[in-house]
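Undergrad: This is model-v3.cif, which holds mmCIF, C-alpha atoms:
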```
data_start
#
loop_
_atom_site.label_atom_id
_atom_site.label_comp_id
_atom_site.auth_asym_id
_atom_site.auth_seq_id
_atom_site.Cartn_x
_atom_site.Cartn_y
_atom_site.Cartn_z
CA MET S 83 -48.62 78.15 31.36
CA ARG S 84 -51.58 76.24 32.83
CA ALA S 85 -49.72 75.51 36.04
CA ASP S 86 -48.77 79.19 36.17
CA ALA S 87 -52.40 80.23 35.84
CA ALA S 88 -53.46 77.87 38.63
CA ARG S 89 -50.64 79.16 40.86
CA ASN S 90 -51.66 82.77 40.20
CA ARG S 91 -55.27 82.01 40.93
CA THR S 92 -54.33 80.34 44.22
CA ARG S 93 -52.10 83.30 45.11
CA LEU S 94 -54.99 85.73 44.53
CA LEU S 95 -57.38 83.56 46.57
CA GLU S 96 -54.92 83.32 49.44
CA ALA S 97 -54.53 87.11 49.44
CA ALA S 98 -58.33 87.48 49.41
CA ALA S 99 -58.69 84.94 52.22
CA ARG S 100 -56.22 86.89 54.38
CA LEU S 101 -58.14 90.13 53.74
CA VAL S 102 -61.47 88.50 54.65
CA ALA S 103 -59.97 87.00 57.81
CA GLU S 104 -58.65 90.43 58.84
CA HIS S 105 -61.49 92.75 57.81
CA GLY S 106 -64.56 90.59 57.07
CA PRO S 107 -66.14 89.89 53.65
CA GLU S 108 -68.00 93.26 53.52
CA GLN S 109 -64.68 95.11 53.19
CA LEU S 110 -63.29 92.96 50.38
CA THR S 111 -62.74 94.82 47.10
CA MET S 112 -61.13 93.72 43.83
CA GLU S 113 -58.63 96.55 44.26
CA ALA S 114 -57.58 95.45 47.76
CA VAL S 115 -56.93 91.91 46.46
CA ALA S 116 -54.86 93.29 43.56
CA THR S 117 -52.78 95.41 45.95
CA ALA S 118 -52.32 92.57 48.46
CA ALA S 119 -51.18 90.18 45.69
CA SER S 120 -49.08 92.83 43.90
CA VAL S 121 -50.90 92.52 40.56
CA GLY S 122 -52.96 94.94 38.50
CA LYS S 123 -56.67 95.32 39.21
CA GLY S 124 -57.40 94.09 35.66
CA THR S 125 -55.85 90.72 36.50
CA VAL S 126 -58.29 90.22 39.38
CA PHE S 127 -61.26 91.16 37.19
CA ARG S 128 -60.11 88.89 34.34
CA ARG S 129 -59.74 85.98 36.76
CA PHE S 130 -63.01 86.27 38.76
CA GLY S 131 -65.36 88.43 36.68
CA ASP S 132 -66.67 90.53 39.55
CA ARG S 133 -66.66 90.80 43.32
CA ASN S 134 -69.35 88.15 43.66
CA GLY S 135 -67.32 85.77 41.46
CA LEU S 136 -64.34 86.36 43.72
CA LEU S 137 -66.39 85.67 46.87
CA MET S 138 -67.77 82.42 45.45
CA ALA S 139 -64.30 81.30 44.29
CA LEU S 140 -63.01 82.08 47.76
CA LEU S 141 -65.71 80.03 49.44
CA ASP S 142 -65.10 77.18 47.03
CA HIS S 143 -61.35 77.33 47.75
CA SER S 144 -61.89 77.20 51.55
CA GLU S 145 -64.47 74.45 51.23
CA ARG S 146 -61.98 72.36 49.21
CA LEU S 147 -59.20 72.76 51.79
CA TYR S 148 -61.64 71.89 54.58
CA GLN S 149 -62.92 68.81 52.70
CA GLU S 150 -59.38 67.60 52.01
CA SER S 151 -58.56 67.90 55.70
CA PHE S 152 -61.20 65.38 56.78
CA LEU S 153 -61.10 63.14 53.69
CA SER S 154 -57.35 62.72 53.32
CA GLY S 155 -55.56 64.91 55.87
CA PRO S 156 -53.59 63.73 58.91
CA PRO S 157 -55.40 62.02 61.83
CA PRO S 158 -57.41 62.47 64.00
CA LEU S 159 -59.38 64.48 61.39
CA GLY S 160 -58.25 62.37 58.43
CA PRO S 161 -57.99 58.56 58.11
CA GLY S 162 -56.01 56.59 60.69
CA ALA S 163 -57.70 57.52 63.98
CA PRO S 164 -60.62 55.57 65.57
CA PRO S 165 -63.99 56.64 64.08
CA VAL S 166 -65.35 58.36 67.21
CA GLU S 167 -62.12 60.38 67.52
CA ARG S 168 -62.45 61.36 63.85
CA LEU S 169 -66.08 62.36 64.45
CA LYS S 170 -65.09 64.58 67.38
CA ALA S 171 -62.32 66.20 65.33
CA PHE S 172 -64.67 66.60 62.35
CA GLY S 173 -67.15 68.67 64.36
CA LEU S 174 -64.45 70.88 65.84
CA ALA S 175 -62.93 71.47 62.38
CA THR S 176 -66.38 72.22 60.94
CA LEU S 177 -67.20 74.72 63.70
CA GLU S 178 -63.89 76.44 62.93
CA HIS S 179 -64.63 76.44 59.18
CA LEU S 180 -68.11 77.91 59.80
CA ALA S 181 -66.75 80.60 62.11
CA ALA S 182 -64.01 81.57 59.64
CA HIS S 183 -66.43 81.92 56.69
CA ARG S 184 -69.64 82.81 58.52
CA GLY S 185 -70.41 85.97 56.54
CA LEU S 186 -69.93 84.35 53.12
CA LEU S 187 -71.71 81.14 54.09
CA LEU S 188 -74.74 83.05 55.41
CA GLU S 189 -74.93 85.08 52.18
CA ALA S 190 -74.55 82.00 49.98
CA GLU S 191 -76.99 79.78 51.90
CA PRO S 192 -79.42 77.98 49.55
CA GLU S 193 -83.16 78.48 50.11
CA ALA S 194 -85.14 76.01 52.22
CA CYS S 195 -86.15 73.55 49.45
CA GLU S 196 -82.58 73.28 48.09
CA ARG S 197 -80.59 73.55 51.30
CA HIS S 198 -80.07 69.86 51.98
CA LEU S 199 -79.22 69.09 48.35
CA ALA S 200 -76.12 71.32 48.38
CA PRO S 201 -73.01 69.14 47.75
CA PRO S 202 -71.02 70.42 50.78
CA ARG S 203 -73.85 69.48 53.13
CA ARG S 204 -74.39 66.10 51.49
CA LEU S 205 -70.69 65.33 51.80
CA ARG S 206 -70.77 66.17 55.52
CA VAL S 207 -73.78 63.91 56.10
CA ALA S 208 -72.18 61.06 54.11
CA HIS S 209 -68.91 61.44 56.05
CA VAL S 210 -70.72 61.27 59.40
CA VAL S 211 -72.78 58.24 58.25
CA THR S 212 -69.52 56.45 57.36
CA LEU S 213 -67.92 57.23 60.73
CA LEU S 214 -71.06 56.18 62.68
CA ARG S 215 -71.11 52.85 60.82
CA GLU S 216 -67.38 52.32 61.37
CA ALA S 217 -67.94 53.03 65.06
CA GLY S 218 -70.67 50.35 65.12
CA THR S 219 -73.25 52.84 66.42
CA ASP S 220 -76.67 51.19 66.58
CA GLY S 221 -79.80 52.92 65.28
CA ASP S 222 -80.67 54.81 62.09
CA ALA S 223 -77.24 56.08 60.97
CA GLU S 224 -78.68 58.46 58.38
CA LEU S 225 -81.02 60.20 60.80
CA LEU S 226 -78.34 60.33 63.51
CA ALA S 227 -75.97 61.85 60.93
CA GLN S 228 -78.58 64.49 60.08
CA THR S 229 -78.86 65.37 63.75
CA LEU S 230 -75.10 65.63 64.17
CA THR S 231 -74.58 67.73 61.02
CA GLY S 232 -77.61 69.84 62.03
CA TYR S 233 -75.53 71.04 65.00
CA LEU S 234 -72.89 72.17 62.48
CA ASP S 235 -75.18 74.62 60.69
CA VAL S 236 -73.98 78.14 59.92
CA ALA S 237 -77.33 79.81 60.72
CA LEU S 238 -77.40 78.07 64.10
CA VAL S 239 -73.76 78.89 64.88
CA HIS S 240 -74.43 82.51 63.88
CA HIS S 241 -77.43 82.65 66.21
CA LEU S 242 -75.69 81.03 69.18
CA THR S 243 -72.46 83.04 68.97
CA ARG S 244 -73.65 86.42 67.63
CA GLN S 245 -77.23 86.66 68.84
CA ARG S 246 -76.97 84.66 72.08
CA GLY S 247 -73.37 85.48 72.93
CA MET S 248 -72.20 81.89 73.47
CA SER S 249 -68.45 81.25 73.27
CA SER S 250 -66.98 78.93 70.68
CA LYS S 251 -65.57 76.90 73.63
CA ARG S 252 -69.15 76.22 74.74
CA LEU S 253 -70.18 75.15 71.24
CA GLU S 254 -67.16 72.83 71.04
CA ALA S 255 -67.99 71.25 74.42
CA GLY S 256 -71.60 70.83 73.23
CA TRP S 257 -70.36 68.97 70.14
CA LEU S 258 -68.18 66.56 72.11
CA ASP S 259 -71.06 65.88 74.51
CA LEU S 260 -73.46 65.30 71.61
CA VAL S 261 -71.09 62.83 69.93
CA ALA S 262 -70.80 60.94 73.23
CA ARG S 263 -74.60 60.71 73.66
CA ILE S 264 -75.22 59.67 70.05
CA THR S 265 -72.45 57.06 69.79
CA ARG S 266 -72.98 55.51 73.22
CA GLY S 267 -75.98 53.73 71.63
CA MET Y 280 -120.62 92.09 66.82
CA ARG Y 281 -116.96 91.60 67.76
CA ALA Y 282 -117.54 87.98 68.77
CA ASP Y 283 -119.41 87.51 65.50
CA ALA Y 284 -116.45 88.87 63.50
CA ALA Y 285 -114.02 86.56 65.32
CA ARG Y 286 -116.30 83.59 64.71
CA ASN Y 287 -116.60 84.43 61.01
CA ARG Y 288 -112.86 84.81 60.70
CA THR Y 289 -112.31 81.43 62.36
CA ARG Y 290 -114.91 79.86 60.08
CA LEU Y 291 -113.12 81.20 56.99
CA LEU Y 292 -109.74 80.00 58.27
CA GLU Y 293 -111.12 76.54 59.01
CA ALA Y 294 -112.54 76.35 55.49
CA ALA Y 295 -109.17 77.47 54.08
CA ALA Y 296 -107.30 74.94 56.24
CA ARG Y 297 -109.51 72.11 54.92
CA LEU Y 298 -108.86 73.21 51.32
CA VAL Y 299 -105.09 73.35 51.91
CA ALA Y 300 -105.12 69.93 53.56
CA GLU Y 301 -107.01 68.48 50.58
CA HIS Y 302 -105.35 70.23 47.63
CA GLY Y 303 -102.15 71.89 48.90
CA PRO Y 304 -101.48 75.63 49.35
CA GLU Y 305 -100.77 76.22 45.63
CA GLN Y 306 -104.42 75.52 44.79
CA LEU Y 307 -105.89 77.86 47.41
CA THR Y 308 -107.87 80.80 45.96
CA MET Y 309 -109.97 83.48 47.68
CA GLU Y 310 -112.93 82.27 45.62
CA ALA Y 311 -112.58 78.65 46.76
CA VAL Y 312 -112.54 79.77 50.40
CA ALA Y 313 -115.66 81.90 49.84
CA THR Y 314 -117.48 78.98 48.24
CA ALA Y 315 -116.39 76.50 50.93
CA ALA Y 316 -117.54 78.87 53.71
CA SER Y 317 -120.74 79.90 51.85
CA VAL Y 318 -119.94 83.63 51.85
CA GLY Y 319 -119.32 86.17 49.08
CA LYS Y 320 -115.82 86.55 47.65
CA GLY Y 321 -115.80 90.19 48.84
CA THR Y 322 -116.03 89.02 52.46
CA VAL Y 323 -112.84 86.98 52.11
CA PHE Y 324 -110.99 89.92 50.51
CA ARG Y 325 -112.23 92.37 53.19
CA ARG Y 326 -111.05 90.02 55.91
CA PHE Y 327 -107.57 89.06 54.62
CA GLY Y 328 -106.63 91.69 52.03
CA ASP Y 329 -105.20 89.28 49.47
CA ARG Y 330 -104.21 85.67 48.97
CA ASN Y 331 -100.89 86.18 50.76
CA GLY Y 332 -102.68 87.75 53.73
CA LEU Y 333 -104.96 84.70 53.85
CA LEU Y 334 -101.99 82.30 53.75
CA MET Y 335 -100.19 84.13 56.57
CA ALA Y 336 -103.38 84.25 58.68
CA LEU Y 337 -103.82 80.55 58.07
CA LEU Y 338 -100.27 79.76 59.18
CA ASP Y 339 -100.70 81.94 62.25
CA HIS Y 340 -103.98 80.17 63.08
CA SER Y 341 -102.41 76.69 62.79
CA GLU Y 342 -99.35 77.77 64.75
CA ARG Y 343 -101.60 79.03 67.57
CA LEU Y 344 -103.58 75.76 67.76
CA TYR Y 345 -100.33 73.77 67.74
CA GLN Y 346 -98.80 75.95 70.49
CA GLU Y 347 -101.90 75.64 72.66
CA SER Y 348 -101.75 71.87 72.30
CA PHE Y 349 -98.32 71.58 73.94
CA LEU Y 350 -98.62 74.53 76.34
CA SER Y 351 -102.06 73.84 77.78
CA GLY Y 352 -103.67 70.90 75.96
CA PRO Y 353 -104.33 67.43 77.41
CA PRO Y 354 -101.39 65.14 78.34
CA PRO Y 355 -99.09 63.61 77.23
CA LEU Y 356 -98.53 66.64 74.95
CA GLY Y 357 -99.78 69.18 77.51
CA PRO Y 358 -99.05 69.44 81.25
CA GLY Y 359 -99.63 66.43 83.48
CA ALA Y 360 -97.46 63.73 81.89
CA PRO Y 361 -93.80 63.01 82.88
CA PRO Y 362 -91.38 65.39 81.04
CA VAL Y 363 -89.76 62.74 78.80
CA GLU Y 364 -93.22 61.54 77.71
CA ARG Y 365 -94.16 65.16 76.93
CA LEU Y 366 -90.94 65.57 74.96
CA LYS Y 367 -91.68 62.48 72.87
CA ALA Y 368 -95.25 63.67 72.22
CA PHE Y 369 -93.98 67.18 71.41
CA GLY Y 370 -91.73 65.92 68.62
CA LEU Y 371 -94.44 63.74 67.11
CA ALA Y 372 -96.93 66.64 67.20
CA THR Y 373 -94.34 68.99 65.66
CA LEU Y 374 -93.54 66.55 62.84
CA GLU Y 375 -97.28 66.35 62.14
CA HIS Y 376 -97.59 70.16 62.21
CA LEU Y 377 -94.62 70.53 59.82
CA ALA Y 378 -96.00 67.91 57.44
CA ALA Y 379 -99.46 69.51 57.40
CA HIS Y 380 -98.13 73.02 56.64
CA ARG Y 381 -94.92 72.16 54.80
CA GLY Y 382 -95.63 74.25 51.70
CA LEU Y 383 -96.54 77.39 53.63
CA LEU Y 384 -93.74 77.00 56.15
CA LEU Y 385 -91.12 76.57 53.42
CA GLU Y 386 -92.38 79.71 51.66
CA ALA Y 387 -92.46 81.73 54.88
CA GLU Y 388 -89.07 80.57 56.22
CA PRO Y 389 -86.95 83.52 57.45
CA GLU Y 390 -83.49 84.00 55.94
CA ALA Y 391 -80.41 82.54 57.64
CA CYS Y 392 -79.56 85.49 59.94
CA GLU Y 393 -83.13 85.82 61.24
CA ARG Y 394 -84.17 82.18 61.27
CA HIS Y 395 -83.46 81.41 64.91
CA LEU Y 396 -85.00 84.66 66.14
CA ALA Y 397 -88.48 83.77 64.82
CA PRO Y 398 -90.91 83.52 67.80
CA PRO Y 399 -92.29 80.06 66.88
CA ARG Y 400 -88.79 78.57 66.86
CA ARG Y 401 -87.79 80.31 70.09
CA LEU Y 402 -90.91 78.99 71.79
CA ARG Y 403 -90.07 75.44 70.68
CA VAL Y 404 -86.51 75.72 72.01
CA ALA Y 405 -87.74 77.21 75.33
CA HIS Y 406 -90.33 74.44 75.71
CA VAL Y 407 -87.72 71.72 75.13
CA VAL Y 408 -85.29 73.40 77.58
CA THR Y 409 -88.03 73.36 80.24
CA LEU Y 410 -88.81 69.69 79.67
CA LEU Y 411 -85.12 68.69 79.71
CA ARG Y 412 -84.64 70.52 83.03
CA GLU Y 413 -87.79 68.95 84.51
CA ALA Y 414 -86.48 65.56 83.40
CA GLY Y 415 -83.20 66.26 85.22
CA THR Y 416 -81.16 65.73 82.04
CA ASP Y 417 -77.50 66.52 82.71
CA GLY Y 418 -75.44 68.63 80.31
CA ASP Y 419 -76.02 71.92 78.48
CA ALA Y 420 -79.83 72.05 78.27
CA GLU Y 421 -79.86 74.93 75.77
CA LEU Y 422 -77.55 73.23 73.29
CA LEU Y 423 -79.32 69.89 73.70
CA ALA Y 424 -82.63 71.70 73.06
CA GLN Y 425 -81.17 73.24 69.89
CA THR Y 426 -80.17 69.78 68.70
CA LEU Y 427 -83.61 68.33 69.42
CA THR Y 428 -85.51 71.20 67.78
CA GLY Y 429 -83.03 71.06 64.87
CA TYR Y 430 -84.48 67.64 64.05
CA LEU Y 431 -87.90 69.32 63.85
CA ASP Y 432 -86.95 71.66 61.01
CA VAL Y 433 -89.24 72.05 58.02
CA ALA Y 434 -86.41 72.20 55.45
CA LEU Y 435 -84.94 68.98 56.87
CA VAL Y 436 -88.32 67.23 57.00
CA HIS Y 437 -88.98 68.35 53.41
CA HIS Y 438 -85.62 66.94 52.30
CA LEU Y 439 -85.98 63.61 54.10
CA THR Y 440 -89.58 62.91 53.05
CA ARG Y 441 -89.78 64.50 49.58
CA GLN Y 442 -86.21 64.35 48.31
CA ARG Y 443 -85.04 61.17 50.06
CA GLY Y 444 -88.37 59.34 50.19
CA MET Y 445 -88.29 58.51 53.91
CA SER Y 446 -91.63 57.66 55.53
CA SER Y 447 -93.05 59.77 58.35
CA LYS Y 448 -93.00 56.55 60.46
CA ARG Y 449 -89.20 56.48 60.07
CA LEU Y 450 -88.89 60.14 61.09
CA GLU Y 451 -91.08 59.50 64.14
CA ALA Y 452 -88.97 56.49 65.18
CA GLY Y 453 -85.85 58.64 64.71
CA TRP Y 454 -87.29 61.27 67.04
CA LEU Y 455 -88.12 58.77 69.81
CA ASP Y 456 -84.63 57.27 69.52
CA LEU Y 457 -83.02 60.73 69.64
CA VAL Y 458 -84.98 61.69 72.78
CA ALA Y 459 -83.84 58.45 74.42
CA ARG Y 460 -80.16 59.10 73.60
CA ILE Y 461 -80.26 62.74 74.69
CA THR Y 462 -82.16 62.24 77.95
CA ARG Y 463 -80.31 59.09 79.04
CA GLY Y 464 -77.49 61.45 80.11
#
```
How would this structure read if it were set down as structure tokens?
TA:
Amino acid sequence: MRADAARNRTRLLEAAARLVAEHGPEQLTMEAVATAASVGKGTVFRRFGDRNGLLMALLDHSERLYQESFLSGPPPLGPGAPPVERLKAFGLATLEHLAAHRGLLLEAEPEACERHLAPPRRLRVAHVVTLLREAGTDGDAELLAQTLTGYLDVALVHHLTRQRGMSSKRLEAGWLDLVARITRG
Amino acid sequence: MRADAARNRTRLLEAAARLVAEHGPEQLTMEAVATAASVGKGTVFRRFGDRNGLLMALLDHSERLYQESFLSGPPPLGPGAPPVERLKAFGLATLEHLAAHRGLLLEAEPEACERHLAPPRRLRVAHVVTLLREAGTDGDAELLAQTLTGYLDVALVHHLTRQRGMSSKRLEAGWLDLVARITRG
């Protein structure tokens, strides 16, 4: 029964994720998720409470998949590749994650005083610190990690792509160049 | 009369700035500013409307002084010094500006979608782009400038100094090291 419930929840989240990917988060309704997953609307409400609950569960679900990919997924993103290669792959995967969930991430962004305490951001910084140390990069690993993760910020990516019209290719090239400058030491 | 009004306004703002520097923005009252500037409380209200108006005028005043210092002040911050020296001085001056007005800047921070459109931030990015180009730094000057100004972010500085207990000396050393890595090309 428990495993069933978890499976159903995942199925609803995957349906919701597809809808957001196709139409953006603004268009997501409880009804559309119910239809896409072939369940009654009541099931969606019972599971997530309301639309906001669904959006937060969706973000949490995507964040978990993304975290698994760099913590324990296949190389070069996961363990097994040289640290600088993992760092490069990490930034590219993060830019993709930010682009895919931009709308939700912008809405859910913590206010200034809390922003850097949010667990997803702290995990990213800690991961980059680990890779910089493994790579033997000289200097203040924590501050260098803050600089690198600062490039992977949803408000910045939003500005550069939507307000300045930069391509994601350009942002990716900028990341690879930044990693090279920082790790050259 | 006009010059008199401007002088009086400046005198009130300087009194308010001293009070904020000594006791923090939370403690600032219209009455305290009046007393410190030896004027009636009514004068302060007529000039700034309310406490929030005073705080915004104060921030604007400090921002203007800070901008003048790197646009037209004496070298190495202002024109006349080599571009990399100006860049180093710019970061140190910005860290000092952020530390001095941290409380107000955190309160006044624009939300995620608007953050990078705010004129003070755009001016900082443009200034760094100019210095990187003058220094002949190879690579994508705009993205490198975003990375450098990203280090000079009030929410990050707040986190590192107040929530992580890092000294301002350490942040300053981190800035000088970052400039060296970025401009080495």
Undergrad: Using the chain letters and numbers from the file, give me the residues hit by the PyMOL selection byres ((chain Y) within 6 of (chain S)), as JSON, numbers by chain.
TA: {"Y": [391, 434, 460]}
Undergrad: Distance CA of Glu364 in chain Y-CA of Ser341 in chain Y, one decimal place?
TA: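 CA of Ser341 in chain Y lies 23.2 Å from CA of Glu364 in chain Y.
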Undergrad: Could you give me chain S least-squares fitted onto chain Y (all C-alpha atoms, paired in order), as a short mmCIF file (atom, residue, chain, number, x, y, z; two decimals) with C-alpha atoms, keeping the file's coordinate frame?
TA:
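Result file superposed_16.cif:
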```cif
data_model
loop_
_atom_site.label_atom_id
_atom_site.label_comp_id
_atom_site.auth_asym_id
_atom_site.auth_seq_id
_atom_site.Cartn_x
_atom_site.Cartn_y
_atom_site.Cartn_z
CA MET S 83 -120.51 92.14 66.87
CA ARG S 84 -116.85 91.60 67.80
CA ALA S 85 -117.47 88.00 68.78
CA ASP S 86 -119.33 87.56 65.49
CA ALA S 87 -116.38 88.90 63.54
CA ALA S 88 -113.97 86.56 65.32
CA ARG S 89 -116.31 83.60 64.69
CA ASN S 90 -116.56 84.49 60.99
CA ARG S 91 -112.83 84.82 60.70
CA THR S 92 -112.32 81.42 62.32
CA ARG S 93 -114.95 79.90 60.02
CA LEU S 94 -113.13 81.26 56.95
CA LEU S 95 -109.76 80.00 58.24
CA GLU S 96 -111.16 76.55 58.94
CA ALA S 97 -112.58 76.40 55.40
CA ALA S 98 -109.20 77.51 54.02
CA ALA S 99 -107.38 74.95 56.17
CA ARG S 100 -109.60 72.15 54.81
CA LEU S 101 -108.91 73.28 51.22
CA VAL S 102 -105.15 73.37 51.83
CA ALA S 103 -105.23 69.93 53.45
CA GLU S 104 -107.12 68.53 50.44
CA HIS S 105 -105.44 70.31 47.52
CA GLY S 106 -102.22 71.91 48.81
CA PRO S 107 -101.52 75.65 49.30
CA GLU S 108 -100.78 76.27 45.57
CA GLN S 109 -104.44 75.62 44.71
CA LEU S 110 -105.90 77.94 47.35
CA THR S 111 -107.83 80.91 45.94
CA MET S 112 -109.91 83.59 47.66
CA GLU S 113 -112.88 82.44 45.59
CA ALA S 114 -112.57 78.80 46.69
CA VAL S 115 -112.54 79.89 50.35
CA ALA S 116 -115.63 82.07 49.79
CA THR S 117 -117.47 79.17 48.15
CA ALA S 118 -116.41 76.66 50.83
CA ALA S 119 -117.55 79.01 53.62
CA SER S 120 -120.72 80.10 51.77
CA VAL S 121 -119.88 83.83 51.81
CA GLY S 122 -119.23 86.36 49.08
CA LYS S 123 -115.73 86.73 47.66
CA GLY S 124 -115.70 90.36 48.89
CA THR S 125 -115.95 89.15 52.49
CA VAL S 126 -112.77 87.09 52.10
CA PHE S 127 -110.91 90.02 50.55
CA ARG S 128 -112.12 92.45 53.24
CA ARG S 129 -110.98 90.05 55.97
CA PHE S 130 -107.50 89.07 54.66
CA GLY S 131 -106.51 91.71 52.10
CA ASP S 132 -105.10 89.31 49.53
CA ARG S 133 -104.15 85.69 49.01
CA ASN S 134 -100.84 86.16 50.80
CA GLY S 135 -102.65 87.71 53.79
CA LEU S 136 -104.93 84.69 53.87
CA LEU S 137 -101.98 82.26 53.76
CA MET S 138 -100.20 84.05 56.60
CA ALA S 139 -103.40 84.18 58.70
CA LEU S 140 -103.84 80.48 58.06
CA LEU S 141 -100.32 79.66 59.18
CA ASP S 142 -100.75 81.83 62.25
CA HIS S 143 -104.04 80.07 63.07
CA SER S 144 -102.46 76.58 62.78
CA GLU S 145 -99.41 77.65 64.74
CA ARG S 146 -101.67 78.90 67.57
CA LEU S 147 -103.63 75.63 67.75
CA TYR S 148 -100.37 73.66 67.73
CA GLN S 149 -98.85 75.86 70.48
CA GLU S 150 -101.96 75.52 72.64
CA SER S 151 -101.78 71.75 72.32
CA PHE S 152 -98.35 71.49 73.95
CA LEU S 153 -98.67 74.45 76.34
CA SER S 154 -102.10 73.74 77.79
CA GLY S 155 -103.66 70.76 75.99
CA PRO S 156 -104.30 67.30 77.44
CA PRO S 157 -101.35 65.03 78.39
CA PRO S 158 -99.03 63.52 77.26
CA LEU S 159 -98.50 66.56 74.98
CA GLY S 160 -99.77 69.10 77.52
CA PRO S 161 -99.03 69.37 81.27
CA GLY S 162 -99.59 66.36 83.52
CA ALA S 163 -97.39 63.67 81.94
CA PRO S 164 -93.72 63.00 82.91
CA PRO S 165 -91.33 65.38 81.07
CA VAL S 166 -89.69 62.75 78.84
CA GLU S 167 -93.14 61.51 77.75
CA ARG S 168 -94.12 65.11 76.97
CA LEU S 169 -90.90 65.56 74.99
CA LYS S 170 -91.62 62.45 72.92
CA ALA S 171 -95.19 63.61 72.26
CA PHE S 172 -93.96 67.13 71.45
CA GLY S 173 -91.70 65.89 68.65
CA LEU S 174 -94.39 63.68 67.15
CA ALA S 175 -96.91 66.55 67.24
CA THR S 176 -94.35 68.91 65.69
CA LEU S 177 -93.53 66.47 62.87
CA GLU S 178 -97.26 66.25 62.17
CA HIS S 179 -97.62 70.06 62.23
CA LEU S 180 -94.66 70.44 59.84
CA ALA S 181 -96.02 67.81 57.46
CA ALA S 182 -99.50 69.39 57.44
CA HIS S 183 -98.18 72.90 56.66
CA ARG S 184 -94.97 72.05 54.81
CA GLY S 185 -95.70 74.14 51.70
CA LEU S 186 -96.63 77.29 53.63
CA LEU S 187 -93.83 76.90 56.16
CA LEU S 188 -91.21 76.48 53.42
CA GLU S 189 -92.50 79.61 51.64
CA ALA S 190 -92.59 81.64 54.86
CA GLU S 191 -89.20 80.52 56.19
CA PRO S 192 -87.11 83.48 57.43
CA GLU S 193 -83.66 84.01 55.90
CA ALA S 194 -80.56 82.58 57.59
CA CYS S 195 -79.71 85.54 59.87
CA GLU S 196 -83.30 85.83 61.19
CA ARG S 197 -84.31 82.19 61.24
CA HIS S 198 -83.57 81.42 64.88
CA LEU S 199 -85.14 84.67 66.10
CA ALA S 200 -88.61 83.73 64.80
CA PRO S 201 -91.04 83.47 67.78
CA PRO S 202 -92.39 79.99 66.87
CA ARG S 203 -88.87 78.55 66.85
CA ARG S 204 -87.88 80.31 70.06
CA LEU S 205 -90.99 78.97 71.78
CA ARG S 206 -90.12 75.42 70.69
CA VAL S 207 -86.56 75.74 72.01
CA ALA S 208 -87.79 77.22 75.31
CA HIS S 209 -90.36 74.43 75.70
CA VAL S 210 -87.72 71.74 75.14
CA VAL S 211 -85.30 73.46 77.57
CA THR S 212 -88.05 73.40 80.23
CA LEU S 213 -88.80 69.70 79.68
CA LEU S 214 -85.08 68.74 79.70
CA ARG S 215 -84.62 70.57 83.02
CA GLU S 216 -87.75 68.99 84.50
CA ALA S 217 -86.42 65.60 83.40
CA GLY S 218 -83.14 66.35 85.23
CA THR S 219 -81.10 65.81 82.05
CA ASP S 220 -77.45 66.65 82.70
CA GLY S 221 -75.42 68.77 80.29
CA ASP S 222 -76.03 72.06 78.46
CA ALA S 223 -79.85 72.14 78.25
CA GLU S 224 -79.90 75.01 75.75
CA LEU S 225 -77.57 73.34 73.28
CA LEU S 226 -79.32 69.98 73.69
CA ALA S 227 -82.64 71.76 73.05
CA GLN S 228 -81.21 73.29 69.87
CA THR S 229 -80.18 69.84 68.69
CA LEU S 230 -83.60 68.37 69.43
CA THR S 231 -85.53 71.22 67.78
CA GLY S 232 -83.05 71.09 64.86
CA TYR S 233 -84.48 67.64 64.06
CA LEU S 234 -87.92 69.29 63.87
CA ASP S 235 -86.99 71.63 61.02
CA VAL S 236 -89.29 71.99 58.02
CA ALA S 237 -86.46 72.16 55.45
CA LEU S 238 -84.97 68.96 56.87
CA VAL S 239 -88.33 67.17 57.01
CA HIS S 240 -89.00 68.28 53.43
CA HIS S 241 -85.64 66.90 52.32
CA LEU S 242 -85.97 63.57 54.13
CA THR S 243 -89.56 62.84 53.09
CA ARG S 244 -89.78 64.42 49.62
CA GLN S 245 -86.22 64.28 48.34
CA ARG S 246 -85.00 61.12 50.10
CA GLY S 247 -88.31 59.27 50.23
CA MET S 248 -88.23 58.46 53.95
CA SER S 249 -91.56 57.59 55.59
CA SER S 250 -92.98 59.68 58.40
CA LYS S 251 -92.89 56.47 60.52
CA ARG S 252 -89.10 56.43 60.13
CA LEU S 253 -88.82 60.09 61.13
CA GLU S 254 -91.01 59.45 64.18
CA ALA S 255 -88.87 56.46 65.24
CA GLY S 256 -85.76 58.63 64.75
CA TRP S 257 -87.24 61.26 67.09
CA LEU S 258 -88.02 58.77 69.85
CA ASP S 259 -84.52 57.30 69.56
CA LEU S 260 -82.96 60.77 69.67
CA VAL S 261 -84.91 61.73 72.80
CA ALA S 262 -83.74 58.51 74.46
CA ARG S 263 -80.06 59.18 73.63
CA ILE S 264 -80.20 62.83 74.71
CA THR S 265 -82.09 62.31 77.98
CA ARG S 266 -80.22 59.19 79.09
CA GLY S 267 -77.40 61.59 80.10
#
```
Undergrad: Can you spell out as a PyMOL selection string the set of residues that the PyMOL selection byres ((chain Y and resi 299-303) around 10) selects in the structure I just provided?
TA: chain Y and resi 293-298+304-308+312+334+337+379-383
Undergrad: Using CA of His376 in chain Y and CA of Val436 in chain Y as the two end points, give the distance in Å to one decimal.
TA: 11.0 Å
Undergrad: Return the single residue from Y:Gly415, Y:Ser351, Y:Gly370, Y:Gln346 that is closest to Arg401 in chain Y, with distances computed using only C-alpha atoms.
TA: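 Distance minimum relative to Arg401 in chain Y lands on Y:Gln346.
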